[in-house]
$ cat query.cif   # mmCIF, C-alpha atoms and all ligand atoms
data_run
#
loop_
_atom_site.label_atom_id
_atom_site.label_comp_id
_atom_site.auth_asym_id
_atom_site.auth_seq_id
_atom_site.Cartn_x
_atom_site.Cartn_y
_atom_site.Cartn_z
CA MET A 1 -3.61 24.12 -2.67
CA ASP A 2 0.01 24.81 -3.44
CA HIS A 3 2.81 23.73 -1.15
CA GLN A 4 4.99 26.77 -1.66
CA GLN A 5 6.00 29.14 1.12
CA LYS A 6 2.86 30.93 2.31
CA THR A 7 2.78 34.61 1.30
CA HIS A 8 -0.68 35.69 2.51
CA TYR A 9 -2.91 35.35 5.54
CA ASP A 10 -5.95 33.19 4.86
CA LEU A 11 -9.21 34.97 4.06
CA PHE A 12 -10.72 34.47 7.54
CA SER A 13 -7.68 36.02 9.24
CA GLN A 14 -7.85 38.97 6.84
CA VAL A 15 -11.57 39.58 7.34
CA PHE A 16 -11.22 39.30 11.14
CA HIS A 17 -8.29 41.75 11.06
CA TRP A 18 -9.88 44.49 8.97
CA VAL A 19 -13.37 44.28 10.47
CA THR A 20 -11.82 44.48 13.96
CA ALA A 21 -9.65 47.45 12.98
CA ILE A 22 -12.70 49.35 11.65
CA LEU A 23 -14.82 48.55 14.73
CA VAL A 24 -12.05 49.60 17.14
CA PHE A 25 -11.59 52.95 15.42
CA ALA A 26 -15.35 53.52 15.30
CA ALA A 27 -15.67 52.67 19.03
CA PHE A 28 -12.82 55.04 19.80
CA VAL A 29 -14.38 57.91 17.87
CA LEU A 30 -17.64 57.35 19.75
CA GLY A 31 -15.83 57.07 23.14
CA PRO A 32 -18.52 58.39 25.48
CA GLU A 33 -17.04 61.40 27.23
CA HIS A 34 -17.87 62.09 30.84
CA LEU A 35 -20.29 59.19 31.06
CA GLY A 36 -19.78 58.97 34.81
CA ARG A 37 -20.79 62.61 35.24
CA LEU A 38 -23.84 62.20 33.01
CA ILE A 39 -25.01 59.22 35.04
CA LYS A 40 -24.62 61.15 38.29
CA GLN A 41 -26.84 63.80 36.72
CA GLY A 42 -29.44 61.06 36.29
CA VAL A 43 -28.99 60.44 32.55
CA ASP A 44 -29.97 56.91 31.46
CA PRO A 45 -27.17 55.61 29.15
CA ALA A 46 -29.81 53.98 26.94
CA THR A 47 -30.91 57.48 25.91
CA ARG A 48 -27.42 58.35 24.61
CA ILE A 49 -26.89 56.98 21.11
CA ASP A 50 -23.09 57.44 21.33
CA ILE A 51 -22.92 55.28 24.45
CA VAL A 52 -25.20 52.60 23.01
CA TRP A 53 -23.16 52.44 19.79
CA HIS A 54 -19.84 52.52 21.68
CA GLU A 55 -20.82 49.58 23.86
CA THR A 56 -22.32 47.62 20.95
CA LEU A 57 -19.18 48.10 18.83
CA GLY A 58 -16.98 47.21 21.82
CA VAL A 59 -18.91 44.03 22.62
CA SER A 60 -18.72 43.09 18.91
CA VAL A 61 -14.93 43.49 19.08
CA LEU A 62 -14.87 41.11 22.06
CA VAL A 63 -16.97 38.48 20.24
CA LEU A 64 -14.82 38.79 17.10
CA THR A 65 -11.60 38.56 19.11
CA VAL A 66 -12.69 35.36 20.88
CA LEU A 67 -13.74 33.75 17.55
CA ARG A 68 -10.53 34.99 15.95
CA LEU A 69 -8.32 33.50 18.67
CA ILE A 70 -10.06 30.15 18.15
CA TRP A 71 -9.29 30.51 14.44
CA VAL A 72 -5.65 31.43 15.16
CA ALA A 73 -5.35 28.21 17.18
CA LEU A 74 -6.84 26.14 14.33
CA ARG A 75 -5.17 27.68 11.28
CA SER A 76 -1.84 26.46 9.92
CA GLY A 77 0.19 29.48 11.04
CA PRO A 78 0.79 32.97 9.65
CA PRO A 79 3.07 33.70 6.68
CA GLU A 80 6.67 34.33 7.71
CA HIS A 81 8.87 36.99 6.13
CA LEU A 82 12.64 37.26 6.06
CA MET A 83 13.72 40.12 8.32
CA SER A 84 16.21 40.95 11.02
CA PRO A 85 15.63 39.26 14.40
CA TRP A 86 14.92 42.53 16.25
CA MET A 87 12.27 43.47 13.70
CA HIS A 88 10.71 40.03 13.91
CA ILE A 89 10.60 40.18 17.73
CA THR A 90 9.27 43.76 17.80
CA GLY A 91 6.49 42.72 15.43
CA LYS A 92 5.58 39.76 17.63
CA LEU A 93 5.57 41.98 20.76
CA VAL A 94 3.34 44.61 19.15
CA HIS A 95 0.91 41.92 17.97
CA ALA A 96 0.87 40.41 21.48
CA ALA A 97 0.16 43.82 23.02
CA LEU A 98 -2.68 44.40 20.54
CA TRP A 99 -4.20 41.00 21.40
CA VAL A 100 -4.02 41.82 25.13
CA LEU A 101 -5.62 45.24 24.59
CA LEU A 102 -8.41 43.74 22.46
CA LEU A 103 -9.37 41.62 25.49
CA ALA A 104 -8.52 44.14 28.25
CA LEU A 105 -10.74 46.87 26.75
CA PRO A 106 -14.06 45.07 27.16
CA LEU A 107 -12.91 43.58 30.47
CA THR A 108 -12.13 46.99 32.02
CA ALA A 109 -15.37 48.36 30.56
CA PHE A 110 -17.41 45.64 32.30
CA LEU A 111 -15.52 46.31 35.54
CA ALA A 112 -16.18 50.07 35.21
CA LEU A 113 -19.90 49.52 34.59
CA GLY A 114 -20.14 46.98 37.42
CA SER A 115 -18.25 49.19 39.89
CA GLU A 116 -20.42 52.21 39.20
CA GLY A 117 -23.66 50.23 38.99
CA ILE A 118 -24.21 51.55 35.46
CA PRO A 119 -26.34 49.36 33.14
CA LEU A 120 -24.82 47.93 29.95
CA THR A 121 -27.00 49.26 27.14
CA LEU A 122 -26.75 47.85 23.62
CA LEU A 123 -28.50 48.47 20.29
CA GLY A 124 -31.87 46.77 19.97
CA GLY A 125 -32.86 47.73 23.50
CA LEU A 126 -30.66 45.03 25.08
CA ARG A 127 -29.92 45.98 28.64
CA ILE A 128 -28.10 44.42 31.59
CA GLU A 129 -28.92 46.38 34.71
CA GLN A 130 -25.97 45.30 36.86
CA ILE A 131 -22.82 43.43 35.77
CA PRO A 132 -22.80 40.52 38.24
CA LEU A 133 -20.14 39.94 40.92
CA VAL A 134 -18.11 43.11 40.39
CA LYS A 135 -19.50 45.30 43.12
CA SER A 136 -19.66 42.62 45.82
CA SER A 137 -16.21 41.17 45.14
CA GLY A 138 -13.95 44.08 46.05
CA ILE A 139 -12.54 44.25 42.48
CA SER A 140 -14.30 47.57 42.10
CA ALA A 141 -12.19 49.16 44.85
CA LEU A 142 -8.86 48.23 43.22
CA THR A 143 -8.75 51.16 40.77
CA ASP A 144 -10.91 53.53 38.76
CA TRP A 145 -11.73 51.06 36.00
CA GLY A 146 -13.29 53.78 33.84
CA ASP A 147 -10.02 55.77 33.86
CA LEU A 148 -8.03 52.63 33.09
CA HIS A 149 -10.44 51.75 30.26
CA GLN A 150 -9.97 55.21 28.77
CA LEU A 151 -6.16 54.92 29.04
CA LEU A 152 -6.22 51.51 27.30
CA GLY A 153 -8.55 52.90 24.62
CA ASP A 154 -6.04 55.66 23.88
CA THR A 155 -3.19 53.12 23.97
CA ILE A 156 -4.69 50.71 21.44
CA VAL A 157 -5.25 53.52 18.96
CA TRP A 158 -1.66 54.80 19.34
CA LEU A 159 -0.24 51.29 19.10
CA ALA A 160 -2.41 50.43 16.09
CA GLY A 161 -1.17 53.65 14.45
CA LEU A 162 2.44 52.61 15.07
CA HIS A 163 1.64 49.11 13.79
CA ALA A 164 0.04 50.57 10.64
CA GLY A 165 3.05 52.87 10.18
CA ALA A 166 5.36 49.85 10.41
CA ALA A 167 3.26 47.99 7.83
CA ILE A 168 3.48 50.94 5.43
CA TYR A 169 7.26 51.21 6.08
CA HIS A 170 7.61 47.53 5.15
CA HIS A 171 5.71 48.15 1.94
CA VAL A 172 7.22 51.46 0.82
CA VAL A 173 10.81 51.31 2.13
CA LEU A 174 11.67 47.64 2.62
CA LYS A 175 9.43 46.56 -0.28
CA ASP A 176 8.77 43.17 1.31
CA GLY A 177 5.44 41.31 1.40
CA VAL A 178 4.38 42.13 4.99
CA LEU A 179 1.55 44.55 4.16
CA LYS A 180 0.44 42.55 1.11
CA ALA A 181 0.16 39.48 3.37
CA MET A 182 -2.84 41.10 5.06
CA LEU A 183 -4.42 42.23 1.76
CA PRO A 184 -6.43 40.11 -0.72
CA ARG A 185 -4.28 38.42 -3.36
C1 LIG B 1 -13.04 48.31 21.07
C2 LIG B 1 -12.77 48.62 22.14
C3 LIG B 1 -12.98 49.93 22.89
C4 LIG B 1 -12.30 51.13 22.76
C5 LIG B 1 -11.19 51.48 21.78
C6 LIG B 1 -12.86 52.02 23.76
C7 LIG B 1 -12.42 53.32 24.00
C8 LIG B 1 -12.91 54.17 24.97
C9 LIG B 1 -12.40 55.48 25.26
C10 LIG B 1 -11.24 56.15 24.53
C11 LIG B 1 -13.16 55.99 26.28
C12 LIG B 1 -13.01 57.36 26.94
C13 LIG B 1 -13.86 58.36 26.22
C14 LIG B 1 -13.67 59.79 26.70
O1 LIG B 1 -13.76 60.02 27.92
O2 LIG B 1 -13.42 60.64 25.84
C15 LIG B 1 -14.14 54.99 26.62
C16 LIG B 1 -15.10 55.16 27.63
C17 LIG B 1 -16.05 54.22 27.95
N1 LIG B 1 -16.25 53.01 27.31
FE1 LIG B 1 -15.07 52.17 25.91
N2 LIG B 1 -13.86 51.35 24.45
C18 LIG B 1 -13.97 50.08 23.94
C19 LIG B 1 -14.88 49.09 24.36
C20 LIG B 1 -15.90 49.28 25.28
C21 LIG B 1 -16.88 48.29 25.67
C22 LIG B 1 -16.92 46.83 25.19
C23 LIG B 1 -17.72 48.88 26.56
C24 LIG B 1 -18.94 48.34 27.30
C25 LIG B 1 -19.26 47.13 27.39
C26 LIG B 1 -17.28 50.24 26.75
C27 LIG B 1 -17.86 51.14 27.61
C28 LIG B 1 -17.33 52.38 27.93
C29 LIG B 1 -17.82 53.21 28.99
C30 LIG B 1 -18.97 52.87 29.94
C31 LIG B 1 -17.01 54.37 29.01
C32 LIG B 1 -17.08 55.56 30.00
C33 LIG B 1 -16.12 55.23 31.13
C34 LIG B 1 -16.15 56.25 32.25
O3 LIG B 1 -16.02 57.46 31.96
O4 LIG B 1 -16.25 55.85 33.43
N3 LIG B 1 -16.16 50.45 25.96
N4 LIG B 1 -13.97 53.89 25.82
C1 LIG B 2 -7.17 48.75 15.73
C2 LIG B 2 -6.52 48.45 14.68
C3 LIG B 2 -5.67 47.20 14.50
C4 LIG B 2 -5.49 46.12 15.32
C5 LIG B 2 -6.12 45.85 16.70
C6 LIG B 2 -4.57 45.22 14.63
C7 LIG B 2 -4.13 43.98 15.13
C8 LIG B 2 -3.37 43.07 14.45
C9 LIG B 2 -3.07 41.73 14.90
C10 LIG B 2 -3.53 41.14 16.25
C11 LIG B 2 -2.32 41.10 13.93
C12 LIG B 2 -1.85 39.65 13.90
C13 LIG B 2 -2.92 38.98 13.06
C14 LIG B 2 -2.94 37.46 12.95
O1 LIG B 2 -2.02 36.77 13.40
O2 LIG B 2 -3.95 36.97 12.37
C15 LIG B 2 -2.14 42.08 12.86
C16 LIG B 2 -1.44 41.84 11.69
C17 LIG B 2 -1.23 42.80 10.70
N1 LIG B 2 -1.76 44.08 10.65
FE1 LIG B 2 -2.95 44.93 12.04
N2 LIG B 2 -4.21 45.77 13.41
C18 LIG B 2 -4.86 47.00 13.30
C19 LIG B 2 -4.78 47.87 12.23
C20 LIG B 2 -3.95 47.73 11.14
C21 LIG B 2 -3.76 48.71 10.09
C22 LIG B 2 -4.47 50.06 10.01
C23 LIG B 2 -2.84 48.17 9.21
C24 LIG B 2 -2.22 48.70 7.92
C25 LIG B 2 -2.23 49.86 7.44
C26 LIG B 2 -2.47 46.86 9.68
C27 LIG B 2 -1.60 45.98 9.07
C28 LIG B 2 -1.30 44.70 9.49
C29 LIG B 2 -0.43 43.77 8.75
C30 LIG B 2 0.29 44.07 7.44
C31 LIG B 2 -0.37 42.59 9.52
C32 LIG B 2 0.46 41.34 9.21
C33 LIG B 2 1.81 41.58 9.85
C34 LIG B 2 2.72 40.40 9.95
O3 LIG B 2 2.45 39.32 9.40
O4 LIG B 2 3.77 40.55 10.64
N3 LIG B 2 -3.16 46.63 10.88
N4 LIG B 2 -2.78 43.26 13.20
#
$ encode --input "query.cif" --output "structure tokens"
Amino acid sequence: MDHQQKTHYDLFSQVFHWVTAILVFAAFVLGPEHLGRLIKQGVDPATRIDIVWHETLGVSVLVLTVLRLIWVALRSGPPEHLMSPWMHITGKLVHAALWVLLLALPLTAFLALGSEGIPLTLLGGLRIEQIPLVKSSGISALTDWGDLHQLLGDTIVWLAGLHAGAAIYHHVVLKDGVLKAMLPR
């Protein structure tokens, strides 16, 4: 171990970051369109491979995000780069928004499934018929959770695109180490 200024994220943080990014984009591409309508027509979600994959990828993102937050609390802190205060703060805000979205996406999905009484159907035949507590608690009446989930799904992809654009700008224009910090040495 050297005691110089840290230039890179540790390997765990890097693996968590890139695996999560890939899973989020894959889940987005498979975003099950008009699921509510299909269900009303009597379609069992377990028979739709796009829905099963979407939910499995999404639940994997949730599990990874929880493990990753534990790791963030344990690790010695991210590398810091010299930059103007506004850029530093904007970066922190975008990261915070991405963390919130990573948790809000599965949460709104569970609320949508629970409100509509739609089973959660995962790969391997895993199936939860009714998400507990949602329907009886009045949460389901607060909003259309499916619409909100879709809006947040679109938002995370736009924000991640902006975030990726910023990383590339750092690399190509500012020529600092921000992008390299998230890449293997
Ligand atoms: C990684 C995070 C996720 C992203 C980016 C994402 C994105 C999306 C998007 C964009 C849609 C709308 C698709 C369309 O109408 O074209 C959607 C719908 C849906 N997603 Fe997700 N999702 C994620 C996680 C999850 C999880 C964890 C679950 C289930 C546990 C889930 C279940 C659903 C369901 C049931 C719908 C249909 C909602 C409705 O129309 O009422 N999603 N998702
Ligand atoms: C859905 C996709 C993505 C999500 C949810 C996401 C989320 C995040 C989060 C939460 C962090 C902070 C990580 C930590 O503290 O361990 C981060 C850092 C970073 N991400 Fe992403 N990211 C995504 C895609 C991308 C892409 C496509 C790129 C590059 C082309 C990228 C480049 C970076 C870089 C360079 C950092 C380090 C920035 C810094 O230290 O200020 N990310 N990302």
$ atom_distance --input "query.cif" --atom1 "atom C8 of ligand LIG 1 (chain B)" --atom2 "CA of Phe28 in chain A"
5.2 Å
$ residues_near_ligand --input "query.cif" --ligand "ligand LIG 1 (chain B)" --cutoff "7 Å" --atoms "only C-alpha atoms and all ligand atoms" --output "compact mmCIF listing (two decimals) with C-alpha atoms, in the coordinates of the input"
# COMPACT_ATOMS: atom_id res chain seq x y z
CA LEU A 23 -14.82 48.55 14.73
CA VAL A 24 -12.05 49.60 17.14
CA PHE A 25 -11.59 52.95 15.42
CA ALA A 27 -15.67 52.67 19.03
CA PHE A 28 -12.82 55.04 19.80
CA GLY A 31 -15.83 57.07 23.14
CA PRO A 32 -18.52 58.39 25.48
CA GLU A 33 -17.04 61.40 27.23
CA HIS A 34 -17.87 62.09 30.84
CA LEU A 35 -20.29 59.19 31.06
CA GLY A 36 -19.78 58.97 34.81
CA HIS A 54 -19.84 52.52 21.68
CA GLU A 55 -20.82 49.58 23.86
CA THR A 56 -22.32 47.62 20.95
CA LEU A 57 -19.18 48.10 18.83
CA GLY A 58 -16.98 47.21 21.82
CA VAL A 59 -18.91 44.03 22.62
CA VAL A 61 -14.93 43.49 19.08
CA LEU A 62 -14.87 41.11 22.06
CA LEU A 102 -8.41 43.74 22.46
CA LEU A 105 -10.74 46.87 26.75
CA PRO A 106 -14.06 45.07 27.16
CA ALA A 109 -15.37 48.36 30.56
CA PHE A 110 -17.41 45.64 32.30
CA ALA A 112 -16.18 50.07 35.21
CA LEU A 113 -19.90 49.52 34.59
CA LEU A 120 -24.82 47.93 29.95
CA GLY A 146 -13.29 53.78 33.84
CA ASP A 147 -10.02 55.77 33.86
CA HIS A 149 -10.44 51.75 30.26
CA GLN A 150 -9.97 55.21 28.77
CA LEU A 151 -6.16 54.92 29.04
CA GLY A 153 -8.55 52.90 24.62
CA ASP A 154 -6.04 55.66 23.88
CA ILE A 156 -4.69 50.71 21.44
CA VAL A 157 -5.25 53.52 18.96
$ atom_distance --input "query.cif" --atom1 "atom FE1 of ligand LIG 2 (chain B)" --atom2 "CA of Leu103 in chain A"
15.3 Å
$ closest_atom_pairs --input "query.cif" --of "chain A" --to "ligand LIG 2 (chain B)" --cutoff "6 Å" --atoms "all atoms listed in the file" --output "tab-separated table"
residue	atom	partner	partner_atom	distance
A:Ser13	CA	B:LIG2	O2	5.0
A:Ala21	CA	B:LIG2	C2	3.7
A:Val24	CA	B:LIG2	C1	5.2
A:Gly91	CA	B:LIG2	O4	5.9
A:His95	CA	B:LIG2	C10	4.8
A:Leu98	CA	B:LIG2	C5	5.4
A:Trp99	CA	B:LIG2	C10	5.2
A:Ala160	CA	B:LIG2	C2	4.8
A:Ala164	CA	B:LIG2	C25	4.0
A:Ala167	CA	B:LIG2	C30	4.9
A:Val178	CA	B:LIG2	C30	5.1
A:Leu179	CA	B:LIG2	C30	3.5
A:Met182	CA	B:LIG2	C30	4.9
$ residues_around --input "query.cif" --residues "range 67-77 of chain A" --least-positions-apart "3" --cutoff "12 Å" --atoms "all atoms listed in the file" --output "count of residues only"
27
$ residues_near_point --input "query.cif" --point "(-13.2, 42.7, 40.1)" --cutoff "12 Å" --atoms "only C-alpha atoms" --output "JSON, numbers by chain"
{"A": [107, 108, 109, 110, 111, 112, 113, 114, 115, 116, 131, 132, 133, 134, 135, 136, 137, 138, 139, 140, 141, 142, 143, 144, 145]}
$ axis_aligned_box --input "query.cif" --around "range 153-167 of chain A" --padding-each-side "4 Å" --output "JSON"
{"center_x": -1.6, "center_y": 51.8, "center_z": 16.2, "size_x": 21.9, "size_y": 15.7, "size_z": 24.8}
$ atom_distance --input "query.cif" --atom1 "CA of Leu122 in chain A" --atom2 "CA of Arg48 in chain A"
10.6 Å
$ build_atoms --input "query.cif" --residues "range 105-127 of chain A" --atoms "N, CA and C atoms" --output "mmCIF file, in the coordinates of the input"
data_model
loop_
_atom_site.group_PDB
_atom_site.id
_atom_site.type_symbol
_atom_site.label_atom_id
_atom_site.label_comp_id
_atom_site.auth_asym_id
_atom_site.auth_seq_id
_atom_site.Cartn_x
_atom_site.Cartn_y
_atom_site.Cartn_z
ATOM 1 N N LEU A 105 -9.784 45.761 26.906
ATOM 2 C CA LEU A 105 -10.740 46.870 26.750
ATOM 3 C C LEU A 105 -12.142 46.502 27.196
ATOM 4 N N PRO A 106 -12.736 45.424 26.650
ATOM 5 C CA PRO A 106 -14.060 45.070 27.160
ATOM 6 C C PRO A 106 -14.036 44.686 28.635
ATOM 7 N N LEU A 107 -12.972 43.997 29.061
ATOM 8 C CA LEU A 107 -12.910 43.580 30.470
ATOM 9 C C LEU A 107 -12.962 44.799 31.403
ATOM 10 N N THR A 108 -12.121 45.812 31.144
ATOM 11 C CA THR A 108 -12.130 46.990 32.020
ATOM 12 C C THR A 108 -13.444 47.746 31.898
ATOM 13 N N ALA A 109 -14.076 47.690 30.715
ATOM 14 C CA ALA A 109 -15.370 48.360 30.560
ATOM 15 C C ALA A 109 -16.420 47.692 31.450
ATOM 16 N N PHE A 110 -16.443 46.344 31.446
ATOM 17 C CA PHE A 110 -17.410 45.640 32.300
ATOM 18 C C PHE A 110 -17.145 45.948 33.763
ATOM 19 N N LEU A 111 -15.852 46.010 34.141
ATOM 20 C CA LEU A 111 -15.520 46.310 35.540
ATOM 21 C C LEU A 111 -15.931 47.738 35.892
ATOM 22 N N ALA A 112 -15.771 48.677 34.945
ATOM 23 C CA ALA A 112 -16.180 50.070 35.210
ATOM 24 C C ALA A 112 -17.693 50.141 35.389
ATOM 25 N N LEU A 113 -18.432 49.486 34.484
ATOM 26 C CA LEU A 113 -19.900 49.520 34.590
ATOM 27 C C LEU A 113 -20.350 48.863 35.898
ATOM 28 N N GLY A 114 -19.759 47.703 36.202
ATOM 29 C CA GLY A 114 -20.140 46.980 37.420
ATOM 30 C C GLY A 114 -19.834 47.782 38.672
ATOM 31 N N SER A 115 -18.645 48.421 38.699
ATOM 32 C CA SER A 115 -18.250 49.190 39.890
ATOM 33 C C SER A 115 -19.182 50.347 40.146
ATOM 34 N N GLU A 116 -19.593 51.006 39.056
ATOM 35 C CA GLU A 116 -20.420 52.210 39.200
ATOM 36 C C GLU A 116 -21.907 51.874 39.257
ATOM 37 N N GLY A 117 -22.247 50.597 39.041
ATOM 38 C CA GLY A 117 -23.660 50.230 38.990
ATOM 39 C C GLY A 117 -24.382 50.828 37.791
ATOM 40 N N ILE A 118 -23.619 50.995 36.681
ATOM 41 C CA ILE A 118 -24.210 51.550 35.460
ATOM 42 C C ILE A 118 -24.677 50.389 34.576
ATOM 43 N N PRO A 119 -25.906 50.459 34.013
ATOM 44 C CA PRO A 119 -26.340 49.360 33.140
ATOM 45 C C PRO A 119 -25.551 49.328 31.832
ATOM 46 N N LEU A 120 -25.354 48.110 31.303
ATOM 47 C CA LEU A 120 -24.820 47.930 29.950
ATOM 48 C C LEU A 120 -25.979 48.072 28.997
ATOM 49 N N THR A 121 -25.876 49.005 28.053
ATOM 50 C CA THR A 121 -27.000 49.260 27.140
ATOM 51 C C THR A 121 -26.544 49.102 25.707
ATOM 52 N N LEU A 122 -27.157 48.160 24.983
ATOM 53 C CA LEU A 122 -26.750 47.850 23.620
ATOM 54 C C LEU A 122 -27.860 48.204 22.631
ATOM 55 N N LEU A 123 -27.506 48.241 21.344
ATOM 56 C CA LEU A 123 -28.500 48.470 20.290
ATOM 57 C C LEU A 123 -29.580 47.401 20.379
ATOM 58 N N GLY A 124 -30.770 47.726 19.930
ATOM 59 C CA GLY A 124 -31.870 46.770 19.970
ATOM 60 C C GLY A 124 -32.531 46.712 21.332
ATOM 61 N N GLY A 125 -32.211 47.669 22.195
ATOM 62 C CA GLY A 125 -32.860 47.730 23.500
ATOM 63 C C GLY A 125 -32.330 46.712 24.502
ATOM 64 N N LEU A 126 -31.242 45.994 24.130
ATOM 65 C CA LEU A 126 -30.660 45.030 25.080
ATOM 66 C C LEU A 126 -30.077 45.789 26.259
ATOM 67 N N ARG A 127 -30.293 45.249 27.449
ATOM 68 C CA ARG A 127 -29.920 45.980 28.640
ATOM 69 C C ARG A 127 -29.599 45.021 29.774
#
